[in-house]
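Q: What follows is input.txt; its format and atoms are compact mmCIF, N, CA and C atoms.
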# COMPACT_ATOMS: atom_id res chain seq x y z
N MET E 1 -74.57 63.66 5.33
CA MET E 1 -73.81 62.47 5.01
C MET E 1 -73.07 62.70 3.70
N ARG E 2 -71.98 62.02 3.60
CA ARG E 2 -71.16 62.11 2.39
C ARG E 2 -70.75 60.69 2.01
N VAL E 3 -70.87 60.41 0.71
CA VAL E 3 -70.41 59.11 0.21
C VAL E 3 -69.40 59.32 -0.91
N VAL E 4 -68.45 58.44 -0.95
CA VAL E 4 -67.56 58.30 -2.09
C VAL E 4 -67.89 56.93 -2.66
N ILE E 5 -68.34 56.92 -3.91
CA ILE E 5 -68.76 55.68 -4.57
C ILE E 5 -67.74 55.33 -5.64
N GLN E 6 -67.28 54.10 -5.62
CA GLN E 6 -66.40 53.62 -6.67
C GLN E 6 -67.06 52.42 -7.34
N ARG E 7 -67.15 52.48 -8.66
CA ARG E 7 -67.66 51.34 -9.41
C ARG E 7 -66.54 50.30 -9.45
N VAL E 8 -66.87 49.08 -9.03
CA VAL E 8 -65.84 48.05 -8.90
C VAL E 8 -66.22 46.76 -9.62
N LYS E 9 -65.19 46.03 -10.00
CA LYS E 9 -65.39 44.67 -10.51
C LYS E 9 -65.45 43.69 -9.34
N GLU E 10 -64.76 44.06 -8.25
CA GLU E 10 -64.80 43.30 -7.00
C GLU E 10 -64.20 44.15 -5.91
N ALA E 11 -64.59 43.86 -4.67
CA ALA E 11 -64.03 44.59 -3.52
C ALA E 11 -64.21 43.74 -2.27
N GLN E 12 -63.34 43.97 -1.32
CA GLN E 12 -63.47 43.28 -0.03
C GLN E 12 -62.89 44.15 1.07
N VAL E 13 -63.34 43.86 2.29
CA VAL E 13 -62.82 44.56 3.46
C VAL E 13 -62.47 43.51 4.51
N LYS E 14 -61.29 43.70 5.11
CA LYS E 14 -60.81 42.80 6.15
C LYS E 14 -60.65 43.55 7.45
N VAL E 15 -60.92 42.85 8.55
CA VAL E 15 -60.65 43.35 9.90
C VAL E 15 -59.82 42.27 10.59
N ALA E 16 -58.66 42.66 11.09
CA ALA E 16 -57.74 41.72 11.76
C ALA E 16 -57.46 40.50 10.88
N GLY E 17 -57.29 40.74 9.57
CA GLY E 17 -56.94 39.67 8.65
C GLY E 17 -58.09 38.81 8.16
N GLU E 18 -59.29 39.03 8.69
CA GLU E 18 -60.47 38.24 8.31
C GLU E 18 -61.38 39.06 7.40
N ILE E 19 -61.86 38.44 6.33
CA ILE E 19 -62.79 39.13 5.43
C ILE E 19 -64.13 39.27 6.14
N VAL E 20 -64.61 40.52 6.25
CA VAL E 20 -65.91 40.79 6.88
C VAL E 20 -66.97 41.19 5.85
N GLY E 21 -66.53 41.58 4.65
CA GLY E 21 -67.45 41.94 3.58
C GLY E 21 -66.76 41.78 2.25
N GLN E 22 -67.51 41.26 1.26
CA GLN E 22 -66.91 41.01 -0.05
C GLN E 22 -68.00 41.03 -1.10
N ILE E 23 -67.73 41.70 -2.23
CA ILE E 23 -68.68 41.73 -3.33
C ILE E 23 -67.97 41.47 -4.65
N ALA E 24 -68.77 41.10 -5.64
CA ALA E 24 -68.30 41.05 -7.02
C ALA E 24 -68.63 42.41 -7.63
N GLN E 25 -69.10 42.45 -8.86
CA GLN E 25 -69.41 43.71 -9.52
C GLN E 25 -70.40 44.54 -8.71
N GLY E 26 -70.14 45.83 -8.64
CA GLY E 26 -71.07 46.70 -7.92
C GLY E 26 -70.44 48.01 -7.52
N MET E 27 -70.85 48.49 -6.33
CA MET E 27 -70.38 49.77 -5.82
C MET E 27 -69.73 49.59 -4.45
N LEU E 28 -68.53 50.12 -4.33
CA LEU E 28 -67.89 50.27 -3.03
C LEU E 28 -68.27 51.66 -2.55
N ILE E 29 -68.92 51.71 -1.39
CA ILE E 29 -69.43 52.98 -0.87
C ILE E 29 -68.75 53.29 0.46
N PHE E 30 -67.96 54.37 0.47
CA PHE E 30 -67.40 54.87 1.71
C PHE E 30 -68.39 55.89 2.24
N LEU E 31 -68.84 55.72 3.49
CA LEU E 31 -69.90 56.55 4.06
C LEU E 31 -69.39 57.31 5.28
N GLY E 32 -69.52 58.64 5.21
CA GLY E 32 -69.18 59.49 6.34
C GLY E 32 -70.44 60.15 6.88
N VAL E 33 -70.52 60.26 8.19
CA VAL E 33 -71.69 60.86 8.84
C VAL E 33 -71.24 62.13 9.56
N ALA E 34 -71.95 63.22 9.31
CA ALA E 34 -71.68 64.50 9.98
C ALA E 34 -72.57 64.64 11.21
N HIS E 35 -72.18 65.50 12.12
CA HIS E 35 -72.92 65.67 13.38
C HIS E 35 -74.34 66.18 13.17
N ASN E 36 -74.61 66.84 12.05
CA ASN E 36 -75.95 67.37 11.80
C ASN E 36 -76.77 66.51 10.84
N ASP E 37 -76.35 65.28 10.60
CA ASP E 37 -77.10 64.37 9.72
C ASP E 37 -78.25 63.70 10.46
N SER E 38 -79.18 63.17 9.67
CA SER E 38 -80.37 62.53 10.23
C SER E 38 -80.75 61.34 9.35
N LYS E 39 -81.81 60.66 9.75
CA LYS E 39 -82.31 59.56 8.94
C LYS E 39 -82.74 60.04 7.56
N ALA E 40 -83.23 61.27 7.48
CA ALA E 40 -83.61 61.83 6.18
C ALA E 40 -82.40 61.93 5.25
N SER E 41 -81.23 62.23 5.81
CA SER E 41 -80.01 62.28 5.02
C SER E 41 -79.72 60.91 4.42
N ALA E 42 -79.85 59.88 5.24
CA ALA E 42 -79.62 58.50 4.77
C ALA E 42 -80.64 58.10 3.72
N ASP E 43 -81.91 58.43 3.96
CA ASP E 43 -82.97 58.10 3.00
C ASP E 43 -82.68 58.71 1.63
N TYR E 44 -82.27 59.97 1.63
CA TYR E 44 -81.94 60.65 0.38
C TYR E 44 -80.84 59.91 -0.37
N LEU E 45 -79.76 59.57 0.35
CA LEU E 45 -78.63 58.91 -0.30
C LEU E 45 -78.98 57.50 -0.79
N VAL E 46 -79.76 56.77 -0.02
CA VAL E 46 -80.15 55.42 -0.46
C VAL E 46 -80.93 55.51 -1.76
N LYS E 47 -81.88 56.42 -1.83
CA LYS E 47 -82.66 56.58 -3.07
C LYS E 47 -81.76 56.98 -4.23
N LYS E 48 -80.88 57.94 -3.99
CA LYS E 48 -79.97 58.41 -5.03
C LYS E 48 -79.07 57.28 -5.52
N ILE E 49 -78.49 56.53 -4.61
CA ILE E 49 -77.54 55.48 -4.96
C ILE E 49 -78.21 54.33 -5.70
N THR E 50 -79.37 53.90 -5.24
CA THR E 50 -80.03 52.76 -5.88
C THR E 50 -80.54 53.10 -7.28
N GLU E 51 -80.73 54.38 -7.55
CA GLU E 51 -81.19 54.79 -8.88
C GLU E 51 -80.06 55.33 -9.77
N LEU E 52 -78.87 55.44 -9.22
CA LEU E 52 -77.74 56.02 -9.94
C LEU E 52 -77.32 55.12 -11.10
N ARG E 53 -77.29 55.70 -12.29
CA ARG E 53 -76.97 54.93 -13.50
C ARG E 53 -75.50 55.14 -13.85
N ILE E 54 -74.65 54.28 -13.31
CA ILE E 54 -73.21 54.42 -13.53
C ILE E 54 -72.59 53.19 -14.18
N PHE E 55 -73.42 52.25 -14.60
CA PHE E 55 -72.93 51.05 -15.26
C PHE E 55 -73.25 51.12 -16.75
N ASP E 56 -72.36 50.56 -17.55
CA ASP E 56 -72.48 50.66 -19.00
C ASP E 56 -73.59 49.80 -19.57
N ASP E 57 -74.28 50.36 -20.56
CA ASP E 57 -75.26 49.59 -21.33
C ASP E 57 -74.54 48.93 -22.51
N ALA E 58 -75.28 48.33 -23.42
CA ALA E 58 -74.69 47.62 -24.56
C ALA E 58 -73.88 48.55 -25.48
N GLN E 59 -74.19 49.84 -25.44
CA GLN E 59 -73.47 50.81 -26.27
C GLN E 59 -72.28 51.44 -25.52
N GLY E 60 -72.02 50.98 -24.31
CA GLY E 60 -70.90 51.52 -23.54
C GLY E 60 -71.20 52.84 -22.87
N LYS E 61 -72.46 53.20 -22.78
CA LYS E 61 -72.88 54.46 -22.16
C LYS E 61 -73.33 54.18 -20.72
N MET E 62 -72.95 55.04 -19.78
CA MET E 62 -73.40 54.88 -18.40
C MET E 62 -74.90 55.13 -18.36
N ASN E 63 -75.65 54.04 -18.34
CA ASN E 63 -77.09 54.16 -18.46
C ASN E 63 -77.84 53.15 -17.60
N LEU E 64 -77.11 52.34 -16.82
CA LEU E 64 -77.75 51.28 -16.03
C LEU E 64 -77.40 51.44 -14.55
N SER E 65 -78.37 51.08 -13.70
CA SER E 65 -78.15 51.11 -12.25
C SER E 65 -77.52 49.79 -11.80
N ALA E 66 -77.09 49.77 -10.56
CA ALA E 66 -76.53 48.53 -10.00
C ALA E 66 -77.57 47.41 -10.05
N ARG E 67 -78.80 47.73 -9.75
CA ARG E 67 -79.87 46.72 -9.78
C ARG E 67 -80.01 46.11 -11.17
N GLU E 68 -79.92 46.95 -12.20
CA GLU E 68 -80.11 46.49 -13.57
C GLU E 68 -78.98 45.59 -14.06
N VAL E 69 -77.81 45.68 -13.44
CA VAL E 69 -76.69 44.82 -13.84
C VAL E 69 -76.42 43.72 -12.81
N GLY E 70 -77.29 43.60 -11.81
CA GLY E 70 -77.08 42.59 -10.77
C GLY E 70 -75.93 42.94 -9.85
N GLY E 71 -75.66 44.24 -9.69
CA GLY E 71 -74.54 44.69 -8.87
C GLY E 71 -74.83 44.62 -7.38
N GLN E 72 -73.77 44.55 -6.62
CA GLN E 72 -73.84 44.50 -5.16
C GLN E 72 -73.27 45.78 -4.58
N TYR E 73 -73.45 45.95 -3.27
CA TYR E 73 -72.94 47.12 -2.56
C TYR E 73 -72.07 46.67 -1.39
N LEU E 74 -70.93 47.32 -1.22
CA LEU E 74 -70.09 47.13 -0.05
C LEU E 74 -69.99 48.50 0.62
N VAL E 75 -70.57 48.61 1.83
CA VAL E 75 -70.64 49.90 2.53
C VAL E 75 -69.61 49.90 3.66
N VAL E 76 -68.69 50.86 3.58
CA VAL E 76 -67.60 50.96 4.54
C VAL E 76 -67.71 52.29 5.29
N PRO E 77 -67.81 52.26 6.62
CA PRO E 77 -67.87 53.52 7.38
C PRO E 77 -66.52 54.24 7.31
N GLN E 78 -66.56 55.56 7.11
CA GLN E 78 -65.32 56.30 7.01
C GLN E 78 -65.52 57.74 7.49
N PHE E 79 -65.31 57.94 8.79
CA PHE E 79 -65.51 59.27 9.38
C PHE E 79 -64.53 60.28 8.81
N THR E 80 -63.40 59.82 8.26
CA THR E 80 -62.41 60.76 7.74
C THR E 80 -62.90 61.53 6.52
N LEU E 81 -64.04 61.15 5.97
CA LEU E 81 -64.62 61.93 4.86
C LEU E 81 -65.00 63.33 5.34
N TYR E 82 -65.12 63.51 6.65
CA TYR E 82 -65.40 64.82 7.21
C TYR E 82 -64.16 65.44 7.85
N GLY E 83 -63.00 64.98 7.46
CA GLY E 83 -61.77 65.59 7.92
C GLY E 83 -61.53 66.91 7.20
N ASN E 84 -61.23 67.96 7.96
CA ASN E 84 -60.96 69.27 7.39
C ASN E 84 -59.46 69.52 7.46
N CYS E 85 -58.85 69.70 6.30
CA CYS E 85 -57.40 69.90 6.22
C CYS E 85 -57.03 71.33 5.86
N ASP E 86 -57.96 72.26 6.05
CA ASP E 86 -57.73 73.65 5.65
C ASP E 86 -56.64 74.33 6.48
N ARG E 87 -56.55 74.01 7.76
CA ARG E 87 -55.59 74.68 8.62
C ARG E 87 -54.62 73.68 9.21
N GLY E 88 -53.38 74.07 9.29
CA GLY E 88 -52.37 73.23 9.92
C GLY E 88 -52.06 71.98 9.11
N ARG E 89 -51.43 71.03 9.78
CA ARG E 89 -51.02 69.81 9.10
C ARG E 89 -51.78 68.59 9.57
N ARG E 90 -52.59 68.76 10.59
CA ARG E 90 -53.36 67.65 11.13
C ARG E 90 -54.84 67.92 10.90
N PRO E 91 -55.57 66.96 10.30
CA PRO E 91 -56.99 67.18 10.02
C PRO E 91 -57.81 67.37 11.29
N SER E 92 -58.84 68.19 11.16
CA SER E 92 -59.82 68.36 12.22
C SER E 92 -61.06 67.56 11.85
N PHE E 93 -61.63 66.88 12.82
CA PHE E 93 -62.81 66.06 12.57
C PHE E 93 -64.03 66.62 13.30
N ASP E 94 -64.05 67.92 13.54
CA ASP E 94 -65.15 68.55 14.26
C ASP E 94 -66.50 68.36 13.58
N ALA E 95 -66.52 68.26 12.26
CA ALA E 95 -67.79 68.13 11.54
C ALA E 95 -68.33 66.70 11.57
N ALA E 96 -67.49 65.73 11.89
CA ALA E 96 -67.92 64.33 11.92
C ALA E 96 -68.82 64.07 13.13
N ALA E 97 -69.75 63.16 12.95
CA ALA E 97 -70.64 62.77 14.04
C ALA E 97 -69.85 62.07 15.14
N LEU E 98 -70.34 62.16 16.37
CA LEU E 98 -69.76 61.38 17.45
C LEU E 98 -70.01 59.90 17.15
N PRO E 99 -69.19 59.01 17.68
CA PRO E 99 -69.31 57.59 17.33
C PRO E 99 -70.70 56.98 17.48
N ALA E 100 -71.40 57.27 18.55
CA ALA E 100 -72.73 56.67 18.75
C ALA E 100 -73.71 57.08 17.66
N GLN E 101 -73.73 58.37 17.34
CA GLN E 101 -74.62 58.86 16.29
C GLN E 101 -74.17 58.33 14.93
N GLY E 102 -72.87 58.33 14.68
CA GLY E 102 -72.35 57.83 13.42
C GLY E 102 -72.71 56.38 13.18
N GLU E 103 -72.55 55.56 14.21
CA GLU E 103 -72.87 54.14 14.08
C GLU E 103 -74.36 53.92 13.87
N GLU E 104 -75.18 54.67 14.60
CA GLU E 104 -76.63 54.54 14.44
C GLU E 104 -77.06 54.87 13.00
N LEU E 105 -76.55 55.97 12.46
CA LEU E 105 -76.94 56.36 11.11
C LEU E 105 -76.30 55.46 10.04
N TYR E 106 -75.10 54.97 10.29
CA TYR E 106 -74.48 54.00 9.38
C TYR E 106 -75.35 52.74 9.31
N ASN E 107 -75.75 52.22 10.47
CA ASN E 107 -76.59 51.02 10.50
C ASN E 107 -77.95 51.26 9.84
N TYR E 108 -78.50 52.45 10.05
CA TYR E 108 -79.78 52.80 9.42
C TYR E 108 -79.61 52.84 7.90
N PHE E 109 -78.55 53.46 7.42
CA PHE E 109 -78.27 53.52 5.98
C PHE E 109 -78.20 52.11 5.39
N VAL E 110 -77.45 51.23 6.03
CA VAL E 110 -77.31 49.85 5.55
C VAL E 110 -78.67 49.14 5.56
N ALA E 111 -79.44 49.31 6.61
CA ALA E 111 -80.77 48.69 6.70
C ALA E 111 -81.69 49.18 5.58
N GLN E 112 -81.64 50.48 5.30
CA GLN E 112 -82.49 51.03 4.24
C GLN E 112 -82.04 50.54 2.86
N LEU E 113 -80.75 50.39 2.67
CA LEU E 113 -80.23 49.85 1.41
C LEU E 113 -80.69 48.41 1.23
N LYS E 114 -80.64 47.63 2.31
CA LYS E 114 -81.13 46.25 2.25
C LYS E 114 -82.63 46.20 2.02
N ALA E 115 -83.37 47.12 2.61
CA ALA E 115 -84.82 47.19 2.42
C ALA E 115 -85.19 47.50 0.98
N ALA E 116 -84.26 48.10 0.25
CA ALA E 116 -84.47 48.41 -1.17
C ALA E 116 -84.16 47.19 -2.03
N LYS E 117 -84.07 46.03 -1.40
CA LYS E 117 -83.83 44.75 -2.09
C LYS E 117 -82.45 44.69 -2.74
N ALA E 118 -81.48 45.34 -2.11
CA ALA E 118 -80.12 45.34 -2.61
C ALA E 118 -79.30 44.27 -1.90
N SER E 119 -78.31 43.74 -2.60
CA SER E 119 -77.35 42.81 -2.00
C SER E 119 -76.25 43.65 -1.37
N VAL E 120 -76.18 43.63 -0.03
CA VAL E 120 -75.32 44.54 0.71
C VAL E 120 -74.36 43.78 1.62
N GLU E 121 -73.10 44.16 1.56
CA GLU E 121 -72.07 43.70 2.50
C GLU E 121 -71.55 44.95 3.19
N THR E 122 -70.90 44.76 4.34
CA THR E 122 -70.44 45.92 5.10
C THR E 122 -69.03 45.75 5.64
N GLY E 123 -68.48 46.89 5.98
CA GLY E 123 -67.27 46.92 6.78
C GLY E 123 -67.68 46.84 8.24
N GLN E 124 -66.80 47.24 9.13
CA GLN E 124 -67.10 47.18 10.55
C GLN E 124 -66.86 48.54 11.18
N PHE E 125 -67.87 49.07 11.82
CA PHE E 125 -67.78 50.40 12.42
C PHE E 125 -66.74 50.41 13.53
N ARG E 126 -65.95 51.47 13.60
CA ARG E 126 -64.91 51.70 14.61
C ARG E 126 -63.82 50.64 14.61
N ALA E 127 -63.55 50.07 13.44
CA ALA E 127 -62.48 49.09 13.32
C ALA E 127 -61.45 49.61 12.32
N THR E 128 -60.22 49.14 12.47
CA THR E 128 -59.21 49.41 11.46
C THR E 128 -59.42 48.38 10.37
N MET E 129 -59.67 48.86 9.16
CA MET E 129 -60.02 47.96 8.06
C MET E 129 -58.99 48.05 6.94
N GLU E 130 -58.85 46.95 6.22
CA GLU E 130 -58.07 46.91 4.99
C GLU E 130 -59.07 46.72 3.86
N VAL E 131 -59.13 47.69 2.97
CA VAL E 131 -60.07 47.62 1.85
C VAL E 131 -59.29 47.40 0.58
N SER E 132 -59.71 46.40 -0.19
CA SER E 132 -59.08 46.18 -1.49
C SER E 132 -60.16 46.13 -2.55
N LEU E 133 -59.79 46.57 -3.74
CA LEU E 133 -60.78 46.65 -4.81
C LEU E 133 -60.12 46.57 -6.16
N VAL E 134 -60.92 46.18 -7.14
CA VAL E 134 -60.54 46.31 -8.53
C VAL E 134 -61.49 47.34 -9.11
N ASN E 135 -60.96 48.53 -9.33
CA ASN E 135 -61.76 49.64 -9.81
C ASN E 135 -62.18 49.36 -11.25
N ASP E 136 -63.40 49.72 -11.59
CA ASP E 136 -63.93 49.50 -12.94
C ASP E 136 -64.07 50.85 -13.61
N GLY E 137 -63.09 51.22 -14.41
CA GLY E 137 -63.14 52.49 -15.12
C GLY E 137 -61.80 53.20 -15.13
N PRO E 138 -61.40 53.84 -14.09
CA PRO E 138 -62.08 54.02 -12.81
C PRO E 138 -63.27 54.99 -12.92
N VAL E 139 -64.26 54.69 -12.11
CA VAL E 139 -65.45 55.54 -12.01
C VAL E 139 -65.66 55.83 -10.53
N THR E 140 -65.59 57.11 -10.16
CA THR E 140 -65.72 57.52 -8.77
C THR E 140 -66.59 58.77 -8.68
N PHE E 141 -67.52 58.75 -7.72
CA PHE E 141 -68.40 59.91 -7.50
C PHE E 141 -68.43 60.25 -6.02
N ILE E 142 -68.59 61.54 -5.73
CA ILE E 142 -68.77 62.02 -4.37
C ILE E 142 -70.15 62.65 -4.31
N ILE E 143 -70.96 62.19 -3.35
CA ILE E 143 -72.32 62.72 -3.21
C ILE E 143 -72.55 63.12 -1.76
N ASP E 144 -73.06 64.34 -1.57
CA ASP E 144 -73.43 64.83 -0.24
C ASP E 144 -74.94 64.83 -0.13
N SER E 145 -75.45 64.56 1.06
CA SER E 145 -76.90 64.57 1.27
C SER E 145 -77.44 65.99 1.38
N LYS E 146 -76.60 66.97 1.56
CA LYS E 146 -77.05 68.36 1.70
C LYS E 146 -77.15 69.02 0.35
Could I get this structure in the form of C-alpha cells?
A:
Amino acid sequence: MRVVIQRVKEAQVKVAGEIVGQIAQGMLIFLGVAHNDSKASADYLVKKITELRIFDDAQGKMNLSAREVGGQYLVVPQFTLYGNCDRGRRPSFDAAALPAQGEELYNYFVAQLKAAKASVETGQFRATMEVSLVNDGPVTFIIDSK
C-alpha cells in the first residue's frame, strides 16, 4: 500500500456534486492498493499514520500526532498512486490491485483507522471525485507499507 498524506486545515471530497466526506484540521490521505498488498500492509500504515507526529507543538516543531491536536482523517482511494510512467506516454497500472481486492483493503484500512478511535471521513471507491483542500504548510509525506 502507498499513501500520500497532506496536513490540512480543511478538506472535502465530492461525488456528482455532493459532499461525501469533509474534515477540519487533520490529514488528507490518498490511499493506493497494490496487487500484492494484504491486511498486514493496512495494519502497518494505520499504526504509522496514527502515531505520525506532523503537527506543530507550542514551539512550532512537528512534534504532535493528529490525535494530540484533535485532528481528523479524510481517506480517499486512489489507484493511480501505482501508475507507472516509466515507458511511453500512458501510465501502466499493472501494479495496482484489481478493483475487488482494492476495495476490500481500502474498507479494511478505514475500519482499522476507525477502530483506533480516529475521526474518519472517506471518499467513494470507484467514483470520480473532486477533492478540495486547504494545505497546512504545505506538509506532504509519501509512505509505503513495504
Q: Between atom C of Arg89 (chain E) and CA of Val76 (chain E), what distance in Å does the model show, to one decimal?
A: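 These two atoms are separated by 24.2 Å.
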Q: Could you tell me how far atom N of Val139 (chain E) lies from atom C of Ile5 (chain E), in Å and to one decimal?
A: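 Separation between atom N of Val139 (chain E) and atom C of Ile5 (chain E): 7.4 Å.
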Q: Can you list, as a list in words, every protein, DNA or RNA residue that comes within 6 Å of region 58-73 of chain E when you count all atoms listed in the file, leaving out same-chain residues fewer than 4 positions away?
A: Ala24, Gln25, Gly26, Met27, Leu28, Ile29, Thr50, Glu51, Leu52, Arg53, Ile54, Ser119, Val120 and Glu121 of chain E
Q: Select all residues near (-63.5, 42.6, -4.4) (cut-off 5 Å, inclusive, file coordinates), counting all atoms listed in the file, and output them as a JSON list (two decimals) with N, CA and C atoms, in the coordinates of the input.
A:
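point.json was written with the following content:
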[["chain", "number", "residue", "atom", "x", "y", "z"],
["E", 10, "GLU", "N", -64.76, 44.06, -8.25],
["E", 10, "GLU", "CA", -64.80, 43.30, -7.00],
["E", 10, "GLU", "C", -64.20, 44.15, -5.91],
["E", 11, "ALA", "N", -64.59, 43.86, -4.67],
["E", 11, "ALA", "CA", -64.03, 44.59, -3.52],
["E", 11, "ALA", "C", -64.21, 43.74, -2.27],
["E", 12, "GLN", "N", -63.34, 43.97, -1.32],
["E", 12, "GLN", "CA", -63.47, 43.28, -0.03],
["E", 12, "GLN", "C", -62.89, 44.15, 1.07],
["E", 23, "ILE", "N", -67.73, 41.70, -2.23],
["E", 23, "ILE", "CA", -68.68, 41.73, -3.33],
["E", 23, "ILE", "C", -67.97, 41.47, -4.65],
["E", 133, "LEU", "N", -59.79, 46.57, -3.74],
["E", 133, "LEU", "CA", -60.78, 46.65, -4.81],
["E", 133, "LEU", "C", -60.12, 46.57, -6.16]]
Q: Nearest to Asp94 (chain E): which of E:Asn135, E:Gln6, E:His35, E:Met1 is it, counting all atoms listed in the file?
A: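 The closest residue to Asp94 (chain E) is E:His35.
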Q: One decimal, Å: what's the distance from atom C of Gly17 (chain E) over to CA of Ala100 (chain E), could you say?
A: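 Atom-to-atom, atom C of Gly17 (chain E) and CA of Ala100 (chain E) are spaced 25.4 Å apart.
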Q: If we count all atoms listed in the file and set the cut-off at 7 Å, which residues sit around Thr122 (chain E), ignoring sequence neighbours fewer than 5 positions away in its own chain? Please answer as an NGL selection string.
A: :E and (13 or 20-22 or 73-77)
Q: Nearest to Ser41 (chain E) among E:Thr128, E:Thr140, E:Val4, E:Phe109, with distances taken over all atoms listed in the file: which residue is it?
A: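 Comparing E:Thr128, E:Thr140, E:Val4, E:Phe109 against Ser41 (chain E), the winner is E:Phe109.
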Q: Taking the backbone alone, and naming residues the way the document does, which bits of region 85-145 of chain E are helix (DSSP H, G or I) by DSSP, as a list of chain:residue names?
A: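 Answer for region 85-145 of chain E restricted to helix (DSSP H, G or I) is E:Pro99, E:Ala100, E:Gln101, E:Gly102, E:Glu103, E:Glu104, E:Leu105, E:Tyr106, E:Asn107, E:Tyr108, E:Phe109, E:Val110, E:Ala111, E:Gln112, E:Leu113, E:Lys114, E:Ala115.
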Q: Please identify the strand (DSSP E or B) residues within chain E (assignment by DSSP from backbone atoms) and present them as a VMD selection string.
A: chain E and resid 2 to 15 18 to 23 26 to 32 34 53 to 56 62 to 65 72 to 77 84 92 96 120 to 122 129 to 144
